[in-house]
$ cat target19.cif   # mmCIF, C-alpha atoms
data_protein
#
loop_
_atom_site.label_atom_id
_atom_site.label_comp_id
_atom_site.auth_asym_id
_atom_site.auth_seq_id
_atom_site.Cartn_x
_atom_site.Cartn_y
_atom_site.Cartn_z
CA LEU A 1 -4.97 22.98 0.93
CA ARG A 2 -5.87 24.96 -2.18
CA ALA A 3 -2.35 24.53 -3.57
CA ILE A 4 -2.53 20.77 -2.99
CA THR A 5 -5.97 20.61 -4.61
CA GLU A 6 -4.71 22.50 -7.66
CA ILE A 7 -2.16 19.78 -8.44
CA GLY A 8 -4.84 17.09 -8.26
CA TYR A 9 -4.77 15.75 -4.69
CA VAL A 10 -7.16 15.87 -1.74
CA ALA A 11 -5.65 16.70 1.67
CA HIS A 12 -7.23 16.03 5.06
CA PRO A 13 -6.03 15.44 8.65
CA PHE A 14 -4.61 11.94 8.85
CA ASP A 15 -7.07 9.30 10.03
CA PRO A 16 -6.41 5.61 9.18
CA GLY A 17 -10.16 4.91 8.97
CA ARG A 18 -10.83 7.85 6.67
CA GLN A 19 -7.77 7.07 4.56
CA GLU A 20 -9.12 3.55 4.02
CA VAL A 21 -12.43 4.99 2.81
CA VAL A 22 -10.61 7.39 0.45
CA ASN A 23 -8.53 4.52 -0.96
CA LYS A 24 -11.65 2.40 -1.53
CA LYS A 25 -13.38 5.25 -3.38
CA GLU A 26 -10.29 5.87 -5.52
CA LYS A 27 -9.97 2.17 -6.34
CA SER A 28 -13.68 1.86 -7.13
CA ALA A 29 -13.62 4.89 -9.46
CA ALA A 30 -10.48 3.64 -11.23
CA LEU A 31 -12.01 0.18 -11.66
CA ARG A 32 -15.17 1.67 -13.19
CA ARG A 33 -13.14 3.74 -15.66
CA LEU A 34 -11.04 0.69 -16.53
CA ALA A 35 -14.16 -1.47 -17.03
CA VAL A 36 -15.79 1.10 -19.33
CA ALA A 37 -12.58 1.40 -21.35
CA GLY A 38 -12.21 -2.39 -21.57
CA LEU A 39 -15.78 -3.00 -22.67
CA GLY A 40 -15.61 -0.14 -25.17
CA ALA A 41 -12.29 -1.41 -26.57
CA MET A 42 -13.68 -4.94 -27.08
CA GLN A 43 -16.80 -3.76 -28.87
CA VAL A 44 -15.03 -1.18 -31.05
CA MET A 45 -12.26 -3.65 -31.94
CA MET A 46 -14.84 -6.15 -33.26
CA LEU A 47 -16.34 -3.44 -35.46
CA ALA A 48 -12.84 -2.37 -36.56
CA ILE A 49 -12.03 -5.92 -37.70
CA ALA A 50 -15.23 -5.92 -39.77
CA LEU A 51 -14.31 -2.54 -41.29
CA TYR A 52 -10.76 -3.66 -42.11
CA ALA A 53 -12.08 -6.87 -43.67
CA GLY A 54 -14.65 -4.87 -45.61
CA ASP A 55 -11.93 -2.72 -47.16
CA TYR A 56 -10.37 -5.84 -48.70
CA SER A 57 -13.45 -7.93 -49.52
CA GLY A 58 -15.86 -5.12 -50.37
CA MET A 59 -18.51 -3.66 -48.06
CA ASP A 60 -21.67 -1.74 -48.76
CA ALA A 61 -21.04 2.02 -48.23
CA ASP A 62 -24.12 2.44 -46.04
CA LEU A 63 -23.04 -0.46 -43.80
CA ARG A 64 -19.54 1.06 -43.44
CA VAL A 65 -21.05 4.42 -42.43
CA PHE A 66 -23.36 2.66 -39.95
CA MET A 67 -20.42 0.79 -38.32
CA ARG A 68 -18.43 4.01 -38.05
CA TRP A 69 -21.29 5.76 -36.28
CA VAL A 70 -21.72 2.81 -33.88
CA SER A 71 -17.96 2.90 -33.18
CA LEU A 72 -18.21 6.64 -32.51
CA LEU A 73 -21.04 6.14 -30.00
CA LEU A 74 -19.14 3.34 -28.23
CA THR A 75 -15.96 5.46 -28.05
CA LEU A 76 -17.68 8.50 -26.52
CA PRO A 77 -17.81 7.12 -22.91
CA VAL A 78 -14.22 5.87 -23.21
CA VAL A 79 -12.89 9.30 -24.21
CA PHE A 80 -15.06 11.53 -22.00
CA TYR A 81 -15.36 9.26 -18.94
CA SER A 82 -12.51 6.75 -18.82
CA ALA A 83 -9.84 9.02 -20.36
CA GLY A 84 -11.28 12.24 -18.90
CA GLY A 85 -8.65 12.25 -16.15
CA PHE A 86 -5.84 12.52 -18.71
CA PHE A 87 -7.33 15.70 -20.19
CA THR A 88 -8.00 17.23 -16.76
CA THR A 89 -4.44 16.59 -15.55
CA ALA A 90 -2.88 17.77 -18.82
CA TRP A 91 -4.82 21.05 -18.68
CA ARG A 92 -3.90 21.57 -15.02
CA ASP A 93 -0.21 20.97 -15.76
CA LEU A 94 -0.22 23.32 -18.75
CA ARG A 95 -1.81 26.06 -16.61
CA ARG A 96 1.07 25.57 -14.15
CA ARG A 97 3.54 25.70 -17.08
CA GLN A 98 4.65 22.11 -16.61
CA LEU A 99 4.83 19.26 -19.08
CA SER A 100 3.74 15.85 -17.81
CA MET A 101 3.19 12.64 -19.74
CA GLU A 102 -0.55 13.41 -19.77
CA VAL A 103 0.13 16.14 -22.36
CA PRO A 104 1.23 13.83 -25.23
CA VAL A 105 -1.33 11.24 -24.10
CA SER A 106 -4.14 13.80 -24.30
CA LEU A 107 -2.91 15.07 -27.65
CA ALA A 108 -2.81 11.50 -29.02
CA ILE A 109 -6.24 10.47 -27.71
CA GLY A 110 -7.89 13.81 -28.46
CA GLY A 111 -6.32 14.14 -31.92
CA ALA A 112 -7.16 10.59 -32.98
CA PHE A 113 -10.74 10.95 -31.72
CA ALA A 114 -11.27 14.35 -33.38
CA ALA A 115 -9.88 13.08 -36.71
CA SER A 116 -12.07 9.97 -36.51
CA VAL A 117 -15.18 12.05 -35.78
CA TRP A 118 -14.38 14.28 -38.77
CA SER A 119 -13.90 11.23 -41.02
CA THR A 120 -17.23 9.80 -39.80
CA LEU A 121 -19.09 13.06 -40.45
CA THR A 122 -17.58 13.55 -43.93
CA ASP A 123 -17.48 9.84 -44.80
CA GLY A 124 -13.86 10.06 -45.86
CA GLY A 125 -10.39 9.19 -44.51
CA GLU A 126 -9.52 6.69 -41.79
CA VAL A 127 -11.08 6.23 -38.34
CA TYR A 128 -9.00 5.39 -35.26
CA PHE A 129 -11.71 4.58 -32.71
CA ASP A 130 -10.15 1.17 -31.97
CA SER A 131 -6.71 2.73 -31.34
CA VAL A 132 -8.23 5.39 -29.07
CA CYS A 133 -10.04 2.80 -26.93
CA MET A 134 -7.12 0.36 -26.71
CA PHE A 135 -4.61 3.12 -25.88
CA ALA A 136 -6.86 4.43 -23.10
CA PHE A 137 -7.45 0.90 -21.80
CA PHE A 138 -3.74 0.02 -21.61
CA LEU A 139 -2.85 3.32 -19.95
CA LEU A 140 -5.64 2.94 -17.39
CA SER A 141 -4.51 -0.65 -16.70
CA SER A 142 -0.98 0.54 -15.88
CA ARG A 143 -2.38 3.33 -13.68
CA TYR A 144 -4.59 0.85 -11.83
CA LEU A 145 -1.61 -1.44 -11.10
CA GLU A 146 0.44 1.56 -9.94
CA MET A 147 -2.40 2.68 -7.66
CA GLY A 148 -2.66 -0.83 -6.17
CA ALA A 149 1.06 -0.84 -5.34
CA ARG A 150 0.74 2.62 -3.78
CA HIS A 151 -2.24 1.60 -1.65
CA ARG A 152 -0.55 -1.59 -0.45
CA ALA A 153 2.51 0.40 0.59
CA GLY A 154 0.34 2.92 2.43
CA GLU A 155 -1.62 0.18 4.19
CA ALA A 156 1.60 -1.44 5.40
CA ALA A 157 2.70 1.84 6.98
CA GLU A 158 -0.75 2.49 8.47
CA GLU A 159 -0.64 -0.87 10.25
CA LEU A 160 1.88 0.75 12.60
CA VAL A 161 -0.66 3.41 13.54
CA LYS A 162 -3.22 0.67 14.19
CA LEU A 163 -0.88 -0.98 16.72
CA LEU A 164 -2.42 1.25 19.39
CA PRO A 165 -5.86 0.07 20.56
CA ALA A 166 -8.97 2.23 20.17
CA THR A 167 -9.95 2.09 23.86
CA ALA A 168 -8.28 1.73 27.26
CA THR A 169 -9.40 0.97 30.83
CA ARG A 170 -8.63 4.07 32.90
CA LEU A 171 -8.55 3.72 36.71
CA THR A 172 -10.34 6.57 38.51
CA ALA A 173 -11.58 7.23 42.02
CA GLN A 174 -14.97 5.87 40.90
CA GLY A 175 -13.44 2.64 39.55
CA GLU A 176 -12.65 1.34 36.07
CA GLN A 177 -13.69 3.51 33.12
CA VAL A 178 -13.40 2.51 29.44
CA VAL A 179 -12.29 5.55 27.43
CA ALA A 180 -10.93 6.27 23.96
CA VAL A 181 -7.12 6.16 23.83
CA SER A 182 -7.18 9.69 22.36
CA GLU A 183 -8.66 10.91 25.67
CA LEU A 184 -5.72 9.69 27.78
CA VAL A 185 -3.42 12.34 29.23
CA PRO A 186 -0.05 12.05 31.00
CA GLY A 187 -0.56 11.02 34.61
CA ASP A 188 -3.54 8.71 33.95
CA ARG A 189 -3.46 5.22 35.45
CA VAL A 190 -4.54 2.51 32.99
CA LEU A 191 -5.26 -1.18 33.64
CA VAL A 192 -3.73 -3.48 30.99
CA ARG A 193 -4.97 -7.07 31.24
CA PRO A 194 -3.07 -10.11 29.88
CA GLY A 195 -3.34 -10.26 26.09
CA GLU A 196 -4.21 -6.55 25.76
CA THR A 197 -2.16 -3.98 23.86
CA ILE A 198 -0.52 -1.21 25.89
CA PRO A 199 -2.29 2.00 24.77
CA ALA A 200 0.44 4.62 25.44
CA ASP A 201 4.04 5.06 26.55
CA GLY A 202 4.67 5.10 30.29
CA THR A 203 5.91 3.12 33.29
CA VAL A 204 4.62 0.20 35.37
CA SER A 205 2.79 1.60 38.40
CA GLU A 206 1.65 -1.78 39.77
CA GLY A 207 2.10 -5.41 38.84
CA ARG A 208 4.66 -7.74 37.33
CA SER A 209 4.45 -9.39 33.92
CA SER A 210 6.18 -10.00 30.58
CA VAL A 211 5.64 -7.75 27.55
CA ASP A 212 5.93 -8.72 23.88
CA GLU A 213 7.69 -5.85 22.10
CA SER A 214 8.64 -7.81 18.96
CA LEU A 215 6.64 -5.60 16.59
CA LEU A 216 8.54 -2.52 17.75
CA THR A 217 12.01 -3.74 18.73
CA GLY A 218 12.46 -7.07 16.94
CA GLU A 219 13.04 -8.87 20.27
CA SER A 220 11.70 -12.37 19.76
CA LEU A 221 10.90 -13.15 23.43
CA PRO A 222 8.72 -11.21 25.90
CA ARG A 223 10.68 -8.94 28.24
CA PRO A 224 9.99 -9.02 32.02
CA ARG A 225 8.49 -5.82 33.39
CA THR A 226 7.95 -4.83 37.02
CA THR A 227 7.19 -1.66 39.00
CA GLY A 228 9.12 1.31 37.63
CA ASP A 229 10.00 -0.29 34.27
CA GLU A 230 9.14 1.46 31.02
CA LEU A 231 6.28 0.31 28.78
CA VAL A 232 5.96 1.13 25.10
CA GLY A 233 2.59 1.74 23.47
CA GLY A 234 1.80 -0.92 20.87
CA SER A 235 3.49 -3.76 22.78
CA VAL A 236 1.40 -6.60 24.22
CA ASN A 237 1.05 -7.61 27.88
CA VAL A 238 1.57 -11.39 28.06
CA GLU A 239 1.16 -12.81 31.55
CA SER A 240 -0.44 -10.76 34.33
CA PRO A 241 -2.40 -7.50 34.76
CA LEU A 242 -0.34 -4.32 34.84
CA VAL A 243 -1.22 -0.78 35.86
CA LEU A 244 0.32 1.72 33.43
CA LEU A 245 1.20 5.25 34.50
CA VAL A 246 0.81 7.20 31.25
CA ALA A 247 3.79 9.42 30.35
CA LYS A 248 3.41 10.09 26.59
CA VAL A 249 0.35 10.12 24.34
CA GLY A 250 -0.49 10.95 20.72
CA GLU A 251 2.37 12.38 18.65
CA ASP A 252 4.89 11.91 21.49
CA THR A 253 4.71 8.08 21.55
CA LEU A 254 7.35 5.80 20.05
CA VAL A 255 4.88 4.48 17.46
CA SER A 256 4.22 8.03 16.24
CA ALA A 257 7.97 8.66 16.03
CA ILE A 258 8.39 5.55 13.85
CA VAL A 259 5.52 6.68 11.60
CA ARG A 260 7.21 10.09 11.23
CA LEU A 261 10.39 8.31 10.12
CA LEU A 262 8.39 6.46 7.46
CA ASP A 263 6.74 9.71 6.35
CA ARG A 264 10.18 11.30 6.02
CA ALA A 265 11.37 8.36 3.91
CA GLN A 266 8.36 8.66 1.61
CA ALA A 267 8.88 12.43 1.30
CA GLU A 268 12.55 11.99 0.36
CA LYS A 269 12.88 10.95 -3.27
CA PRO A 270 15.87 8.76 -4.16
CA ARG A 271 18.31 10.17 -6.71
CA ILE A 272 16.96 7.91 -9.45
CA ALA A 273 13.40 9.15 -8.83
CA ARG A 274 14.48 12.80 -8.91
CA LEU A 275 16.38 12.11 -12.12
CA ALA A 276 13.30 10.45 -13.65
CA ASP A 277 11.16 13.48 -12.70
CA ARG A 278 13.62 15.92 -14.28
CA VAL A 279 14.17 13.83 -17.40
CA ALA A 280 10.43 13.20 -17.88
CA GLY A 281 9.69 16.93 -18.18
CA TRP A 282 12.46 17.51 -20.73
CA PHE A 283 11.57 14.27 -22.51
CA VAL A 284 7.99 15.43 -23.04
CA ALA A 285 9.18 18.81 -24.34
CA VAL A 286 11.56 17.17 -26.81
CA LEU A 287 8.84 14.68 -27.79
CA LEU A 288 6.41 17.48 -28.63
CA LEU A 289 9.07 19.26 -30.70
CA VAL A 290 9.87 16.01 -32.56
CA ALA A 291 6.16 15.40 -33.20
CA ALA A 292 5.79 18.95 -34.55
CA ALA A 293 8.83 18.47 -36.82
CA VAL A 294 7.50 15.12 -38.07
CA ALA A 295 4.07 16.65 -38.74
CA THR A 296 5.66 19.53 -40.69
CA TRP A 297 7.90 17.26 -42.80
CA TRP A 298 5.10 14.86 -43.72
CA ALA A 299 2.68 17.71 -44.40
CA LEU A 300 5.13 19.10 -46.96
CA HIS A 301 6.07 15.77 -48.58
CA GLU A 302 3.03 13.48 -48.17
CA PRO A 303 0.08 15.29 -46.55
CA ALA A 304 -2.23 12.24 -46.65
CA ARG A 305 -0.03 10.37 -44.16
CA ALA A 306 1.02 13.32 -41.98
CA PHE A 307 -1.65 12.85 -39.30
CA ALA A 308 -1.23 9.07 -38.95
CA VAL A 309 2.56 9.30 -38.66
CA THR A 310 2.44 12.17 -36.14
CA LEU A 311 -0.13 10.30 -34.07
CA SER A 312 2.13 7.22 -34.06
CA VAL A 313 5.07 9.33 -32.82
CA LEU A 314 2.96 10.69 -29.93
CA VAL A 315 1.73 7.23 -28.91
CA VAL A 316 4.91 5.15 -29.15
CA THR A 317 7.16 7.75 -27.47
CA CYS A 318 4.81 8.37 -24.52
CA PRO A 319 7.09 8.27 -21.42
CA CYS A 320 4.79 5.98 -19.41
CA ALA A 321 7.60 3.73 -18.20
CA LEU A 322 9.78 6.71 -17.25
CA SER A 323 7.03 8.46 -15.29
CA LEU A 324 5.35 5.42 -13.74
CA ALA A 325 7.92 2.64 -13.35
CA THR A 326 10.40 4.38 -11.04
CA PRO A 327 7.97 5.68 -8.37
CA THR A 328 5.92 2.47 -8.58
CA ALA A 329 8.98 0.28 -8.05
CA ILE A 330 10.14 2.35 -5.06
CA THR A 331 6.66 2.43 -3.52
CA ALA A 332 6.10 -1.31 -4.01
CA ALA A 333 9.52 -2.18 -2.57
CA SER A 334 9.02 0.04 0.51
CA GLY A 335 5.57 -1.48 1.13
CA ALA A 336 6.85 -5.05 0.76
CA LEU A 337 9.69 -4.38 3.21
CA THR A 338 7.30 -2.79 5.71
CA ARG A 339 5.04 -5.86 5.61
CA LEU A 340 8.12 -7.98 6.36
CA GLY A 341 8.87 -5.79 9.38
CA LEU A 342 11.78 -3.90 7.80
CA LEU A 343 11.14 -0.15 7.91
CA THR A 344 12.74 2.13 5.31
CA THR A 345 13.42 5.38 7.16
CA ARG A 346 15.46 7.24 4.52
CA GLY A 347 14.54 7.76 0.88
CA HIS A 348 17.96 6.79 -0.48
CA ALA A 349 18.17 3.49 1.44
CA LEU A 350 16.59 1.32 -1.28
CA GLU A 351 18.86 2.76 -3.94
CA THR A 352 21.92 2.26 -1.73
CA LEU A 353 21.08 -1.44 -1.20
CA ALA A 354 22.33 -2.14 -4.73
CA GLN A 355 25.90 -1.22 -3.69
CA ILE A 356 26.16 -2.85 -0.24
CA SER A 357 28.88 -5.41 0.47
CA HIS A 358 28.37 -6.08 4.21
CA VAL A 359 25.33 -6.19 6.52
CA LEU A 360 25.69 -5.64 10.28
CA PHE A 361 22.98 -6.66 12.78
CA ASP A 362 22.97 -5.17 16.26
CA LYS A 363 21.54 -8.23 18.04
CA THR A 364 20.66 -11.83 17.37
CA GLY A 365 17.04 -11.17 18.31
CA THR A 366 16.63 -9.30 15.05
CA LEU A 367 17.40 -12.51 13.14
CA THR A 368 15.10 -14.75 15.20
CA ARG A 369 11.66 -15.81 13.99
CA GLY A 370 10.30 -15.75 17.54
CA VAL A 371 8.42 -19.06 17.23
CA LEU A 372 10.02 -21.32 19.84
CA GLN A 373 10.11 -25.11 19.50
CA LEU A 374 11.05 -27.75 22.06
CA ALA A 375 14.49 -29.08 21.09
CA ASP A 376 15.33 -31.48 23.96
CA MET A 377 14.38 -32.60 27.49
CA LEU A 378 16.61 -33.38 30.48
CA PRO A 379 14.69 -35.12 33.35
CA LEU A 380 16.30 -34.35 36.74
CA SER A 381 15.25 -37.69 38.29
CA ASP A 382 14.07 -41.17 37.32
CA ARG A 383 10.77 -40.99 39.25
CA ALA A 384 8.85 -39.73 36.19
CA GLY A 385 9.55 -40.58 32.57
CA ARG A 386 10.17 -38.05 29.80
CA SER A 387 6.62 -38.33 28.45
CA ARG A 388 5.09 -37.84 31.94
CA CYS A 389 7.24 -34.74 32.55
CA LEU A 390 6.24 -33.28 29.20
CA ALA A 391 2.54 -34.04 29.82
CA LEU A 392 2.66 -32.25 33.19
CA ALA A 393 4.43 -29.23 31.71
CA ALA A 394 2.02 -29.06 28.77
CA ALA A 395 -0.99 -29.25 31.08
CA LEU A 396 0.28 -26.31 33.16
CA GLU A 397 1.24 -24.24 30.14
CA ARG A 398 -2.14 -24.64 28.38
CA GLY A 399 -3.28 -21.51 30.16
CA SER A 400 -0.16 -19.46 29.36
CA GLU A 401 0.36 -16.89 26.59
CA HIS A 402 4.15 -17.01 26.98
CA PRO A 403 6.06 -18.27 23.88
CA VAL A 404 7.91 -20.86 26.01
CA GLY A 405 4.60 -22.12 27.39
CA LYS A 406 3.08 -22.33 23.90
CA ALA A 407 6.06 -24.37 22.68
CA LEU A 408 5.57 -26.90 25.51
CA ALA A 409 1.78 -27.08 25.15
CA ALA A 410 2.03 -27.69 21.41
CA ARG A 411 3.95 -30.98 21.91
CA VAL A 412 1.12 -32.82 23.76
CA GLU A 413 -2.28 -33.38 22.14
CA ASP A 414 -4.20 -34.62 25.21
CA PRO A 415 -2.59 -33.37 28.45
CA PRO A 416 -4.01 -34.31 31.89
CA ARG A 417 -6.66 -32.09 33.47
CA VAL A 418 -5.40 -29.31 35.73
CA SER A 419 -7.22 -27.31 38.38
CA GLU A 420 -6.42 -24.17 40.40
CA LEU A 421 -4.22 -22.95 37.54
CA THR A 422 -2.49 -19.62 38.25
CA ALA A 423 0.29 -17.63 36.63
CA LEU A 424 3.23 -16.53 38.76
CA PRO A 425 4.79 -13.53 36.91
CA GLY A 426 8.44 -14.16 36.20
CA SER A 427 8.28 -17.67 37.69
CA GLY A 428 5.89 -19.70 35.56
CA MET A 429 2.61 -21.56 36.07
CA GLN A 430 1.17 -23.39 39.06
CA GLY A 431 -1.70 -25.89 39.25
CA VAL A 432 -3.08 -29.12 40.73
CA ILE A 433 -2.97 -32.35 38.68
CA ASP A 434 -4.40 -35.60 40.09
CA GLY A 435 -4.51 -34.04 43.59
CA ARG A 436 -0.90 -32.93 43.56
CA ALA A 437 0.42 -29.38 43.19
CA TYR A 438 3.01 -28.76 40.46
#

$ encode --input "target19.cif" --output "structure tokens"
Amino acid sequence: LRAITEIGYVAHPFDPGRQEVVNKKEKSAALRRLAVAGLGAMQVMMLAIALYAGDYSGMDADLRVFMRWVSLLLTLPVVFYSAGGFFTTAWRDLRRRQLSMEVPVSLAIGGAFAASVWSTLTDGGEVYFDSVCMFAFFLLSSRYLEMGARHRAGEAAEELVKLLPATATRLTAQGEQVVAVSELVPGDRVLVRPGETIPADGTVSEGRSSVDESLLTGESLPRPRTTGDELVGGSVNVESPLVLLVAKVGEDTLVSAIVRLLDRAQAEKPRIARLADRVAGWFVAVLLLVAAAVATWWALHEPARAFAVTLSVLVVTCPCALSLATPTAITAASGALTRLGLLTTRGHALETLAQISHVLFDKTGTLTRGVLQLADMLPLSDRAGRSRCLALAAALERGSEHPVGKALAARVEDPPRVSELTALPGSGMQGVIDGRAY
């Protein structure tokens, strides 16, 4: 934990609720820093325009000094609050003998601010308060967008963990008992009512129903389940009550195994990301050497411009795109695929997609949307017309959660009234309409 903290992260046992709170705090803090930098940049830029105009049209010396001092005061919170994270990270990396992009960023912001403060105190030379504020603002904007992509990707993966319900109805000798899913142990008997999510992996102890496993297997239609059949935690009971005999809980469930696959994929960096990491470190080292060489050359040939030119080299060659773009693109792509239901289980998979020529699917269910629609009707006699048959079917299926039933019910706006409606697992619906059983 100490080692993780030293490189700038906070580690804690995984908890989706706590992770959400941590993400909100991180986003709130980043937004505050960005807002301070944005407001400071706007105010300082207006003063900078006045100072630039004053240099050409003539400005009273006292007024110029006053504007510089105001710019200094407005830049202080931007440098020490908004951009403080850059300095902290740069110092931490240098202590670990590593060069990150925060090093040239900190040198650029710190150098420009220090030179501007000196010019303000001595009333000579140029001030760069506007450049400091704008540079910090643009960098923080890119970081905020990168953080948003990272959070969205994390949330998509955490939705899998949230497939399991928080509570379950355990059957005991004393009757039904609502308990936390984390308290279930193998051997427990759990009642799963129609529409409820199955809380753990196990087998059907009693009952007969259909189970929607589309979120886990891609199967578009509910699968029939009866005594002895396996049930997967995270799937949804559709038709009738089932009694689940718990076999696996916690880290042993299928949902947890899928989450571990996603964790492995996120831990494995694609080749392009590893290359970017290696190149970024060398790039920063070369950049610092180039900046030192530029500073030396200009100091010998034209000392008055040495600082401004060196500062420009540090700013324009900052490897922001190299260090941010690659991991952000991979994270955003993985999160978008997860929200679409396509799980990336190996780190190199996204990179490999660029070279694929053929795609093989193991079953047609994977390619099915799962939203059934009535395509045609075939009446088996002439005693009732097509519309009457459809009205009867829709009336019976109004009380069903089965996708076939929903497709029939959706085609009739005002079906006849039905009484004594019951579901017959694996067979359909039964009820009385106008005194007759259907």

$ closest_residue --input "target19.cif" --among "A:Asp252, A:Leu34, A:Glu26, A:Ser116" --to "Arg68 (chain A)" --atoms "only C-alpha atoms"
A:Ser116

$ residues_around --input "target19.cif" --residues "Gly195 (chain A)" --least-positions-apart "4" --cutoff "9 Å" --atoms "all atoms listed in the file" --output "short mmCIF file (atom, residue, chain, number, x, y, z; two decimals) with C-alpha atoms, keeping the file's coordinate frame"
data_model
loop_
_atom_site.label_atom_id
_atom_site.label_comp_id
_atom_site.auth_asym_id
_atom_site.auth_seq_id
_atom_site.Cartn_x
_atom_site.Cartn_y
_atom_site.Cartn_z
CA VAL A 236 1.40 -6.60 24.22
CA ASN A 237 1.05 -7.61 27.88
CA VAL A 238 1.57 -11.39 28.06
CA GLU A 239 1.16 -12.81 31.55
CA SER A 240 -0.44 -10.76 34.33
CA GLU A 401 0.36 -16.89 26.59
#

$ closest_residue --input "target19.cif" --among "A:Val204, A:Ala394, A:Ile356, A:Val404" --to "Gly431 (chain A)" --atoms "all atoms listed in the file"
A:Ala394

$ closest_residue --input "target19.cif" --among "A:Ile7, A:Ala149, A:Leu1, A:Leu107" --to "Ala336 (chain A)" --atoms "only C-alpha atoms"
A:Ala149

$ residues_around --input "target19.cif" --residues "region 178-182 of chain A" --least-positions-apart "3" --cutoff "9 Å" --atoms "all atoms listed in the file" --output "ChimeraX atom specification"
/A:164-171,185,199-200,249-250

$ residues_around --input "target19.cif" --residues "Phe138 (chain A)" --least-positions-apart "5" --cutoff "12 Å" --atoms "all atoms listed in the file" --output "list in words"
Arg33, Leu34, Ala35, Ala37, Gly38, Ala41, Ser82, Ala83, Val105, Ser131, Val132, Cys133, Arg143, Tyr144, Leu145, Val315 and Cys320 of chain A

$ write_last_selection --input "target19.cif" --atoms "C-alpha atoms" --output "PDB file, in the coordinates of the input"
ATOM      1  CA  ARG A  33     -13.140   3.740 -15.660  1.00  0.00           C
ATOM      2  CA  LEU A  34     -11.040   0.690 -16.530  1.00  0.00           C
ATOM      3  CA  ALA A  35     -14.160  -1.470 -17.030  1.00  0.00           C
ATOM      4  CA  ALA A  37     -12.580   1.400 -21.350  1.00  0.00           C
ATOM      5  CA  GLY A  38     -12.210  -2.390 -21.570  1.00  0.00           C
ATOM      6  CA  ALA A  41     -12.290  -1.410 -26.570  1.00  0.00           C
ATOM      7  CA  SER A  82     -12.510   6.750 -18.820  1.00  0.00           C
ATOM      8  CA  ALA A  83      -9.840   9.020 -20.360  1.00  0.00           C
ATOM      9  CA  VAL A 105      -1.330  11.240 -24.100  1.00  0.00           C
ATOM     10  CA  SER A 131      -6.710   2.730 -31.340  1.00  0.00           C
ATOM     11  CA  VAL A 132      -8.230   5.390 -29.070  1.00  0.00           C
ATOM     12  CA  CYS A 133     -10.040   2.800 -26.930  1.00  0.00           C
ATOM     13  CA  ARG A 143      -2.380   3.330 -13.680  1.00  0.00           C
ATOM     14  CA  TYR A 144      -4.590   0.850 -11.830  1.00  0.00           C
ATOM     15  CA  LEU A 145      -1.610  -1.440 -11.100  1.00  0.00           C
ATOM     16  CA  VAL A 315       1.730   7.230 -28.910  1.00  0.00           C
ATOM     17  CA  CYS A 320       4.790   5.980 -19.410  1.00  0.00           C
TER      18      CYS A 320
END

$ resolve_selection --input "target19.cif" --expression "the PyMOL selection byres ((chain A and resi 344) around 10)" --output "list of chain:residue names"
A:Leu261, A:Leu262, A:Asp263, A:Arg264, A:Ala265, A:Gln266, A:Ala333, A:Ser334, A:Gly335, A:Leu337, A:Thr338, A:Gly341, A:Leu342, A:Leu343, A:Thr345, A:Arg346, A:Gly347, A:His348, A:Ala349, A:Leu350

$ atom_distance --input "target19.cif" --atom1 "CA of Thr310 (chain A)" --atom2 "CA of Val286 (chain A)"
14.0 Å

$ residues_around --input "target19.cif" --residues "Gln430 (chain A)" --least-positions-apart "4" --cutoff "9 Å" --atoms "all atoms listed in the file" --output "MDAnalysis selection string"
chainID A and resid 396:397 420:424 437:438

$ write_last_selection --input "target19.cif" --atoms "C-alpha atoms" --output "tab-separated table (two decimals), in the coordinates of the input"
chain	number	residue	atom	x	y	z
A	396	LEU	CA	0.28	-26.31	33.16
A	397	GLU	CA	1.24	-24.24	30.14
A	420	GLU	CA	-6.42	-24.17	40.40
A	421	LEU	CA	-4.22	-22.95	37.54
A	422	THR	CA	-2.49	-19.62	38.25
A	423	ALA	CA	0.29	-17.63	36.63
A	424	LEU	CA	3.23	-16.53	38.76
A	437	ALA	CA	0.42	-29.38	43.19
A	438	TYR	CA	3.01	-28.76	40.46
